[in-house]
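Student: Dropping in model-v4.txt, which is compact mmCIF, N, CA and C atoms:
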# COMPACT_ATOMS: atom_id res chain seq x y z
N MET A 1 36.60 69.97 46.01
CA MET A 1 37.30 68.68 46.02
C MET A 1 37.17 68.05 47.41
N LEU A 2 37.04 66.73 47.41
CA LEU A 2 36.90 66.01 48.66
C LEU A 2 38.26 65.52 49.16
N THR A 3 38.42 65.56 50.46
CA THR A 3 39.62 64.99 51.06
C THR A 3 39.41 63.48 51.24
N SER A 4 40.48 62.76 51.52
CA SER A 4 40.39 61.32 51.78
C SER A 4 39.46 61.05 52.95
N SER A 5 39.56 61.88 53.97
CA SER A 5 38.73 61.72 55.15
C SER A 5 37.25 61.93 54.81
N MET A 6 36.95 62.92 53.98
CA MET A 6 35.57 63.16 53.57
C MET A 6 35.03 61.95 52.81
N GLU A 7 35.86 61.38 51.96
CA GLU A 7 35.45 60.20 51.21
C GLU A 7 35.15 59.04 52.16
N ASP A 8 36.00 58.85 53.17
CA ASP A 8 35.77 57.78 54.15
C ASP A 8 34.44 57.98 54.87
N TYR A 9 34.16 59.20 55.26
CA TYR A 9 32.90 59.50 55.95
C TYR A 9 31.70 59.25 55.05
N LEU A 10 31.78 59.70 53.81
CA LEU A 10 30.66 59.47 52.89
C LEU A 10 30.42 57.98 52.67
N GLU A 11 31.50 57.23 52.52
CA GLU A 11 31.38 55.79 52.34
C GLU A 11 30.73 55.15 53.56
N LYS A 12 31.18 55.54 54.75
CA LYS A 12 30.64 54.96 55.98
C LYS A 12 29.18 55.35 56.18
N ILE A 13 28.83 56.60 55.93
CA ILE A 13 27.44 57.03 56.07
C ILE A 13 26.56 56.28 55.08
N TYR A 14 27.06 56.11 53.87
CA TYR A 14 26.32 55.35 52.85
C TYR A 14 26.07 53.92 53.34
N GLU A 15 27.11 53.28 53.86
CA GLU A 15 26.97 51.91 54.38
C GLU A 15 25.92 51.85 55.49
N LEU A 16 26.01 52.77 56.44
CA LEU A 16 25.07 52.78 57.57
C LEU A 16 23.65 53.03 57.10
N MET A 17 23.48 53.93 56.14
CA MET A 17 22.14 54.21 55.64
C MET A 17 21.55 52.98 54.94
N LYS A 18 22.37 52.25 54.20
CA LYS A 18 21.89 51.03 53.53
C LYS A 18 21.55 49.95 54.56
N GLU A 19 22.33 49.91 55.61
CA GLU A 19 22.14 48.89 56.64
C GLU A 19 20.97 49.22 57.58
N LYS A 20 20.89 50.48 58.03
CA LYS A 20 19.93 50.85 59.06
C LYS A 20 18.88 51.87 58.61
N GLY A 21 19.14 52.52 57.48
CA GLY A 21 18.22 53.56 57.02
C GLY A 21 18.60 54.96 57.50
N TYR A 22 19.59 55.03 58.35
CA TYR A 22 20.05 56.32 58.89
C TYR A 22 21.47 56.14 59.43
N ALA A 23 22.07 57.25 59.77
CA ALA A 23 23.40 57.21 60.39
C ALA A 23 23.40 58.21 61.54
N ARG A 24 23.88 57.78 62.67
CA ARG A 24 24.01 58.67 63.82
C ARG A 24 25.49 58.97 64.07
N VAL A 25 25.74 60.07 64.72
CA VAL A 25 27.12 60.45 65.04
C VAL A 25 27.82 59.32 65.77
N SER A 26 27.15 58.73 66.74
CA SER A 26 27.78 57.67 67.53
C SER A 26 28.12 56.45 66.67
N ASP A 27 27.24 56.12 65.71
CA ASP A 27 27.50 54.98 64.82
C ASP A 27 28.73 55.24 63.95
N ILE A 28 28.80 56.44 63.41
CA ILE A 28 29.92 56.81 62.54
C ILE A 28 31.23 56.81 63.34
N ALA A 29 31.18 57.41 64.54
CA ALA A 29 32.37 57.48 65.39
C ALA A 29 32.88 56.08 65.71
N SER A 30 31.96 55.20 66.07
CA SER A 30 32.33 53.83 66.41
C SER A 30 32.92 53.10 65.20
N SER A 31 32.28 53.25 64.06
CA SER A 31 32.73 52.55 62.85
C SER A 31 34.09 53.02 62.37
N LEU A 32 34.36 54.30 62.49
CA LEU A 32 35.62 54.86 62.00
C LEU A 32 36.68 55.00 63.09
N SER A 33 36.33 54.61 64.32
CA SER A 33 37.24 54.70 65.46
C SER A 33 37.74 56.13 65.67
N VAL A 34 36.79 57.07 65.68
CA VAL A 34 37.11 58.48 65.94
C VAL A 34 36.18 58.99 67.04
N GLN A 35 36.50 60.16 67.55
CA GLN A 35 35.68 60.78 68.59
C GLN A 35 34.41 61.38 67.98
N PRO A 36 33.30 61.35 68.71
CA PRO A 36 32.07 61.97 68.22
C PRO A 36 32.25 63.44 67.82
N SER A 37 33.10 64.16 68.53
CA SER A 37 33.33 65.57 68.18
C SER A 37 33.97 65.70 66.80
N SER A 38 34.82 64.74 66.44
CA SER A 38 35.43 64.74 65.10
C SER A 38 34.36 64.49 64.04
N VAL A 39 33.43 63.60 64.33
CA VAL A 39 32.34 63.31 63.40
C VAL A 39 31.50 64.57 63.21
N THR A 40 31.18 65.24 64.29
CA THR A 40 30.36 66.45 64.21
C THR A 40 31.02 67.50 63.33
N LYS A 41 32.31 67.69 63.50
CA LYS A 41 33.04 68.66 62.67
C LYS A 41 32.99 68.28 61.21
N MET A 42 33.18 66.99 60.92
CA MET A 42 33.17 66.54 59.54
C MET A 42 31.77 66.65 58.94
N ILE A 43 30.76 66.36 59.73
CA ILE A 43 29.37 66.47 59.24
C ILE A 43 29.09 67.93 58.86
N GLN A 44 29.61 68.85 59.64
CA GLN A 44 29.43 70.28 59.31
C GLN A 44 30.09 70.60 57.97
N LYS A 45 31.29 70.07 57.75
CA LYS A 45 31.98 70.31 56.47
C LYS A 45 31.21 69.70 55.30
N LEU A 46 30.72 68.48 55.51
CA LEU A 46 29.96 67.81 54.45
C LEU A 46 28.63 68.51 54.19
N ASP A 47 28.07 69.07 55.25
CA ASP A 47 26.82 69.83 55.11
C ASP A 47 27.07 71.11 54.29
N GLU A 48 28.20 71.76 54.54
CA GLU A 48 28.56 72.97 53.77
C GLU A 48 28.69 72.64 52.28
N LYS A 49 29.13 71.43 51.98
CA LYS A 49 29.27 70.99 50.58
C LYS A 49 27.97 70.39 50.04
N GLN A 50 26.94 70.45 50.86
CA GLN A 50 25.60 69.95 50.51
C GLN A 50 25.62 68.46 50.17
N LEU A 51 26.39 67.71 50.96
CA LEU A 51 26.48 66.26 50.76
C LEU A 51 25.68 65.49 51.81
N VAL A 52 25.42 66.13 52.96
CA VAL A 52 24.61 65.52 54.02
C VAL A 52 23.68 66.58 54.60
N THR A 53 22.64 66.08 55.25
CA THR A 53 21.78 66.94 56.05
C THR A 53 21.56 66.23 57.37
N TYR A 54 21.35 67.03 58.40
CA TYR A 54 21.04 66.45 59.70
C TYR A 54 19.56 66.67 59.93
N GLU A 55 18.85 65.56 60.12
CA GLU A 55 17.42 65.65 60.36
C GLU A 55 17.12 65.14 61.76
N LYS A 56 16.45 65.98 62.53
CA LYS A 56 16.10 65.61 63.89
C LYS A 56 15.29 64.32 63.87
N TYR A 57 15.63 63.42 64.77
CA TYR A 57 15.02 62.10 64.90
C TYR A 57 15.38 61.12 63.78
N ARG A 58 15.99 61.57 62.70
CA ARG A 58 16.41 60.66 61.62
C ARG A 58 17.93 60.58 61.55
N GLY A 59 18.61 61.49 62.17
CA GLY A 59 20.07 61.47 62.15
C GLY A 59 20.62 62.13 60.90
N ILE A 60 21.74 61.62 60.44
CA ILE A 60 22.45 62.18 59.30
C ILE A 60 21.98 61.45 58.05
N VAL A 61 21.61 62.23 57.04
CA VAL A 61 21.12 61.66 55.80
C VAL A 61 21.93 62.24 54.65
N LEU A 62 22.29 61.39 53.72
CA LEU A 62 23.00 61.87 52.54
C LEU A 62 22.03 62.58 51.59
N THR A 63 22.49 63.66 51.02
CA THR A 63 21.73 64.30 49.95
C THR A 63 21.85 63.41 48.71
N PRO A 64 21.07 63.65 47.67
CA PRO A 64 21.24 62.84 46.46
C PRO A 64 22.69 62.85 45.95
N LYS A 65 23.32 64.02 45.97
CA LYS A 65 24.72 64.10 45.54
C LYS A 65 25.63 63.31 46.49
N GLY A 66 25.39 63.43 47.79
CA GLY A 66 26.16 62.69 48.79
C GLY A 66 25.98 61.20 48.66
N GLU A 67 24.75 60.78 48.37
CA GLU A 67 24.48 59.35 48.19
C GLU A 67 25.19 58.82 46.95
N GLN A 68 25.17 59.60 45.90
CA GLN A 68 25.86 59.20 44.67
C GLN A 68 27.35 59.02 44.93
N LEU A 69 27.95 59.98 45.64
CA LEU A 69 29.38 59.89 45.95
C LEU A 69 29.67 58.75 46.93
N GLY A 70 28.82 58.57 47.94
CA GLY A 70 29.00 57.47 48.89
C GLY A 70 28.95 56.12 48.21
N LYS A 71 28.00 55.97 47.29
CA LYS A 71 27.88 54.73 46.53
C LYS A 71 29.12 54.50 45.67
N LEU A 72 29.61 55.56 45.04
CA LEU A 72 30.82 55.47 44.22
C LEU A 72 32.01 55.05 45.07
N MET A 73 32.15 55.63 46.28
CA MET A 73 33.25 55.27 47.17
C MET A 73 33.16 53.80 47.57
N LYS A 74 31.96 53.33 47.87
CA LYS A 74 31.75 51.94 48.26
C LYS A 74 32.08 51.00 47.10
N GLN A 75 31.62 51.34 45.90
CA GLN A 75 31.90 50.51 44.72
C GLN A 75 33.40 50.46 44.44
N ARG A 76 34.05 51.61 44.54
CA ARG A 76 35.50 51.67 44.29
C ARG A 76 36.23 50.78 45.29
N HIS A 77 35.85 50.88 46.56
CA HIS A 77 36.46 50.09 47.62
C HIS A 77 36.28 48.59 47.34
N LYS A 78 35.06 48.22 47.01
CA LYS A 78 34.75 46.81 46.74
C LYS A 78 35.52 46.29 45.54
N ARG A 79 35.61 47.08 44.49
CA ARG A 79 36.29 46.64 43.27
C ARG A 79 37.79 46.46 43.52
N LEU A 80 38.38 47.37 44.29
CA LEU A 80 39.80 47.23 44.63
C LEU A 80 40.04 45.97 45.44
N GLU A 81 39.13 45.67 46.38
CA GLU A 81 39.26 44.43 47.14
C GLU A 81 39.20 43.23 46.21
N GLU A 82 38.25 43.23 45.28
CA GLU A 82 38.12 42.11 44.34
C GLU A 82 39.39 41.94 43.51
N PHE A 83 39.93 43.05 43.06
CA PHE A 83 41.14 43.01 42.24
C PHE A 83 42.30 42.40 43.02
N LEU A 84 42.52 42.86 44.24
CA LEU A 84 43.63 42.35 45.04
C LEU A 84 43.42 40.88 45.42
N ARG A 85 42.17 40.47 45.64
CA ARG A 85 41.87 39.06 45.90
C ARG A 85 42.25 38.21 44.69
N MET A 86 41.93 38.72 43.50
CA MET A 86 42.28 37.98 42.28
C MET A 86 43.78 37.78 42.15
N LEU A 87 44.54 38.73 42.68
CA LEU A 87 46.00 38.64 42.63
C LEU A 87 46.55 37.72 43.71
N GLY A 88 45.66 37.23 44.58
CA GLY A 88 46.09 36.31 45.64
C GLY A 88 46.66 36.99 46.87
N ILE A 89 46.34 38.24 47.06
CA ILE A 89 46.82 38.98 48.22
C ILE A 89 46.04 38.53 49.47
N ARG A 90 46.74 38.41 50.61
CA ARG A 90 46.10 37.99 51.86
C ARG A 90 45.08 39.03 52.33
N GLU A 91 44.01 38.58 52.98
CA GLU A 91 42.91 39.46 53.40
C GLU A 91 43.38 40.63 54.27
N GLU A 92 44.24 40.35 55.24
CA GLU A 92 44.68 41.44 56.13
C GLU A 92 45.47 42.49 55.35
N THR A 93 46.18 42.06 54.35
CA THR A 93 46.93 42.99 53.50
C THR A 93 45.99 43.75 52.58
N ILE A 94 44.96 43.07 52.09
CA ILE A 94 43.98 43.71 51.20
C ILE A 94 43.37 44.93 51.86
N GLN A 95 42.91 44.78 53.09
CA GLN A 95 42.25 45.90 53.77
C GLN A 95 43.19 47.09 53.93
N GLN A 96 44.39 46.80 54.32
CA GLN A 96 45.40 47.86 54.50
C GLN A 96 45.72 48.53 53.17
N ASP A 97 45.91 47.75 52.14
CA ASP A 97 46.26 48.29 50.83
C ASP A 97 45.12 49.09 50.22
N VAL A 98 43.90 48.59 50.33
CA VAL A 98 42.76 49.31 49.75
C VAL A 98 42.63 50.68 50.40
N GLU A 99 42.81 50.74 51.71
CA GLU A 99 42.73 52.04 52.39
C GLU A 99 43.80 53.00 51.87
N GLY A 100 44.95 52.47 51.53
CA GLY A 100 46.02 53.32 51.01
C GLY A 100 45.83 53.71 49.55
N ILE A 101 45.23 52.82 48.77
CA ILE A 101 45.10 53.03 47.33
C ILE A 101 43.87 53.86 46.97
N GLU A 102 42.75 53.58 47.61
CA GLU A 102 41.46 54.07 47.12
C GLU A 102 41.35 55.58 46.97
N HIS A 103 42.07 56.32 47.75
CA HIS A 103 41.96 57.79 47.68
C HIS A 103 42.93 58.40 46.67
N HIS A 104 43.77 57.57 46.10
CA HIS A 104 44.80 58.10 45.21
C HIS A 104 44.73 57.57 43.79
N VAL A 105 43.77 56.71 43.53
CA VAL A 105 43.65 56.12 42.19
C VAL A 105 42.80 57.05 41.31
N SER A 106 43.28 57.30 40.12
CA SER A 106 42.57 58.20 39.20
C SER A 106 41.34 57.49 38.63
N PRO A 107 40.37 58.25 38.17
CA PRO A 107 39.20 57.62 37.53
C PRO A 107 39.59 56.75 36.34
N ALA A 108 40.58 57.17 35.56
CA ALA A 108 41.02 56.37 34.40
C ALA A 108 41.61 55.04 34.85
N THR A 109 42.44 55.07 35.88
CA THR A 109 43.04 53.83 36.40
C THR A 109 41.95 52.94 37.01
N MET A 110 41.01 53.55 37.74
CA MET A 110 39.93 52.77 38.34
C MET A 110 39.09 52.10 37.26
N SER A 111 38.85 52.81 36.18
CA SER A 111 38.08 52.25 35.07
C SER A 111 38.82 51.06 34.46
N ALA A 112 40.13 51.19 34.28
CA ALA A 112 40.93 50.10 33.73
C ALA A 112 40.93 48.89 34.67
N LEU A 113 41.06 49.14 35.98
CA LEU A 113 41.02 48.05 36.96
C LEU A 113 39.66 47.36 36.95
N ASN A 114 38.63 48.16 36.86
CA ASN A 114 37.27 47.61 36.79
C ASN A 114 37.14 46.69 35.58
N ASN A 115 37.62 47.16 34.43
CA ASN A 115 37.56 46.36 33.21
C ASN A 115 38.35 45.06 33.35
N LEU A 116 39.52 45.14 34.00
CA LEU A 116 40.34 43.95 34.19
C LEU A 116 39.64 42.94 35.10
N VAL A 117 39.04 43.41 36.17
CA VAL A 117 38.30 42.51 37.07
C VAL A 117 37.16 41.85 36.31
N LEU A 118 36.41 42.64 35.55
CA LEU A 118 35.31 42.07 34.76
C LEU A 118 35.82 41.05 33.74
N PHE A 119 36.96 41.36 33.12
CA PHE A 119 37.56 40.44 32.16
C PHE A 119 37.88 39.11 32.83
N PHE A 120 38.56 39.17 33.97
CA PHE A 120 38.93 37.94 34.68
C PHE A 120 37.69 37.18 35.16
N GLU A 121 36.65 37.92 35.56
CA GLU A 121 35.41 37.24 35.98
C GLU A 121 34.78 36.48 34.81
N ASN A 122 34.90 37.02 33.62
CA ASN A 122 34.30 36.41 32.44
C ASN A 122 35.24 35.45 31.71
N HIS A 123 36.52 35.47 32.07
CA HIS A 123 37.52 34.59 31.45
C HIS A 123 38.38 33.97 32.55
N SER A 124 37.75 33.14 33.36
CA SER A 124 38.43 32.59 34.53
C SER A 124 39.67 31.77 34.15
N HIS A 125 39.69 31.21 32.97
CA HIS A 125 40.87 30.46 32.54
C HIS A 125 42.09 31.38 32.43
N CYS A 126 41.86 32.63 32.05
CA CYS A 126 42.98 33.59 31.97
C CYS A 126 43.51 33.91 33.36
N LEU A 127 42.60 34.06 34.31
CA LEU A 127 43.02 34.31 35.69
C LEU A 127 43.80 33.11 36.21
N GLN A 128 43.35 31.91 35.89
CA GLN A 128 44.06 30.71 36.32
C GLN A 128 45.46 30.66 35.71
N GLU A 129 45.57 31.01 34.43
CA GLU A 129 46.88 31.04 33.77
C GLU A 129 47.79 32.05 34.46
N PHE A 130 47.25 33.21 34.81
CA PHE A 130 48.03 34.23 35.51
C PHE A 130 48.50 33.69 36.86
N ASN A 131 47.60 33.08 37.62
CA ASN A 131 47.97 32.54 38.93
C ASN A 131 49.02 31.43 38.80
N ASP A 132 48.87 30.59 37.79
CA ASP A 132 49.88 29.54 37.54
C ASP A 132 51.23 30.18 37.22
N PHE A 133 51.22 31.21 36.41
CA PHE A 133 52.45 31.94 36.06
C PHE A 133 53.12 32.49 37.31
N CYS A 134 52.31 33.09 38.20
CA CYS A 134 52.86 33.65 39.44
C CYS A 134 53.47 32.56 40.32
N GLN A 135 52.82 31.41 40.38
CA GLN A 135 53.36 30.30 41.17
C GLN A 135 54.70 29.82 40.59
N ASP A 136 54.75 29.77 39.26
CA ASP A 136 56.01 29.37 38.61
C ASP A 136 57.12 30.37 38.92
N LEU A 137 56.79 31.66 38.88
CA LEU A 137 57.79 32.68 39.21
C LEU A 137 58.26 32.56 40.65
N ASP A 138 57.32 32.33 41.56
CA ASP A 138 57.67 32.17 42.98
C ASP A 138 58.60 30.97 43.17
N ALA A 139 58.29 29.87 42.48
CA ALA A 139 59.13 28.67 42.58
C ALA A 139 60.52 28.94 42.03
N LEU A 140 60.58 29.68 40.92
CA LEU A 140 61.86 30.03 40.32
C LEU A 140 62.68 30.90 41.27
N LYS A 141 62.02 31.88 41.90
CA LYS A 141 62.72 32.75 42.86
C LYS A 141 63.27 31.94 44.03
N GLU A 142 62.48 30.98 44.52
CA GLU A 142 62.95 30.14 45.63
C GLU A 142 64.18 29.35 45.21
N THR A 143 64.17 28.82 44.00
CA THR A 143 65.30 28.05 43.47
C THR A 143 66.53 28.95 43.37
N GLU A 144 66.34 30.16 42.85
CA GLU A 144 67.47 31.11 42.72
C GLU A 144 68.01 31.49 44.10
N ASP A 145 67.08 31.72 45.06
CA ASP A 145 67.50 32.10 46.41
C ASP A 145 68.28 30.97 47.08
N GLU A 146 67.87 29.73 46.86
CA GLU A 146 68.58 28.59 47.42
C GLU A 146 69.99 28.51 46.83
N GLY A 147 70.11 28.81 45.54
CA GLY A 147 71.42 28.79 44.87
C GLY A 147 72.35 29.86 45.41
N LYS A 148 71.83 30.98 45.82
CA LYS A 148 72.65 32.08 46.35
C LYS A 148 73.15 31.78 47.76
N THR A 149 72.40 30.98 48.52
CA THR A 149 72.80 30.71 49.90
C THR A 149 73.80 29.57 50.00
N ARG A 150 74.07 28.92 48.89
CA ARG A 150 75.03 27.79 48.91
C ARG A 150 76.42 28.26 48.75
Can I see the file as structure tokens?
Tutor:
Amino acid sequence: MLTSSMEDYLEKIYELMKEKGYARVSDIASSLSVQPSSVTKMIQKLDEKQLVTYEKYRGIVLTPKGEQLGKLMKQRHKRLEEFLRMLGIREETIQQDVEGIEHHVSPATMSALNNLVLFFENHSHCLQEFNDFCQDLDALKETEDEGKTR
């Protein structure tokens, strides 16, 4: 089983490999705001699980299994961001919430969220109705709050 930290590393290595073709300890450390020694320790753990290999002059490379998991982590992260954006959540809150949610959401829940995002993408009028409903609720709450302060 992977820890949340292992998932973060796999996602980051996947991103770096897609961007640059490789990942170096210094790149990972900088991206995750951790010490290079912490990256080295994690790379050793991921290597024991056969998720990464270290290749001289090429840096850290994901194994096929590691790449599959890294891609899954990236997709999950992206889909959660899309979902929260659809709900009208502010960007700074989205990033914080996704980091908190992504490691704790079950595959069944993630599948349902994925389906909901796809549904709203294909039925934008439904998303608009939902957003209108939320605005109406917010307006109602403001009216109720004003009544309580009088």
Student: Applying 8 Å and only N, CA and C atoms, which residues near Leu80 in chain A remain after dropping the ones on its own chain fewer than 2 positions away? List them as a list in words.
Tutor: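 Final neighbour list, sorted by chain and number: Lys74, Gln75, Arg76, His77, Lys78, Glu82, Phe83, Leu84, Arg85, Met86, Ile94, Asp97, Val98, Glu102, Leu113 and Asn114 of chain A.
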Student: With only N, CA and C atoms as the atoms that count, which of A:Ala139, A:Asp132, A:Arg58, A:Phe119 lies nearest to Tyr22 in chain A?
Tutor: A:Arg58
Student: Have a look at CA of Leu10 in chain A and CA of Leu116 in chain A and let me know their distance in Å, one decimal.
Tutor: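 A separation of 26.2 Å between them.
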Student: Show which residues sit within 6 Å of Val52 in chain A, as a list in words. Count all atoms listed in the file, and ignore same-chain residues fewer than 2 positions away.
Tutor: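 These residues fall inside the cut-off: Leu46, Asp47, Lys49, Gln50, Tyr54, Val61, Leu62, Thr63 and Gly66 of chain A.
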Student: Have a look at atom C of Met110 in chain A and atom N of Glu15 in chain A and let me know their distance in Å, one decimal.
Tutor: 20.5 Å
Student: Between CA of Lys20 in chain A and CA of Leu32 in chain A, what is the distance, to one decimal in Å?
Tutor: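 Pair CA of Lys20 in chain A / CA of Leu32 in chain A returns 16.5 Å.
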Student: Taking all listed atoms of range 97-113 of chain A, build the axis-aligned box, pad each of the six sides by 4 Å, then write its centre and edge lengths in Å to one decimal as JSON.
Tutor:
{"center_x": 42.2, "center_y": 52.9, "center_z": 43.1, "size_x": 16.2, "size_y": 19.0, "size_z": 26.7}
Student: I need the residues in chain A that are strand (DSSP E or B) according to DSSP; give them as a PyMOL selection string.
Tutor: chain A and resi 23+52-55+59-62
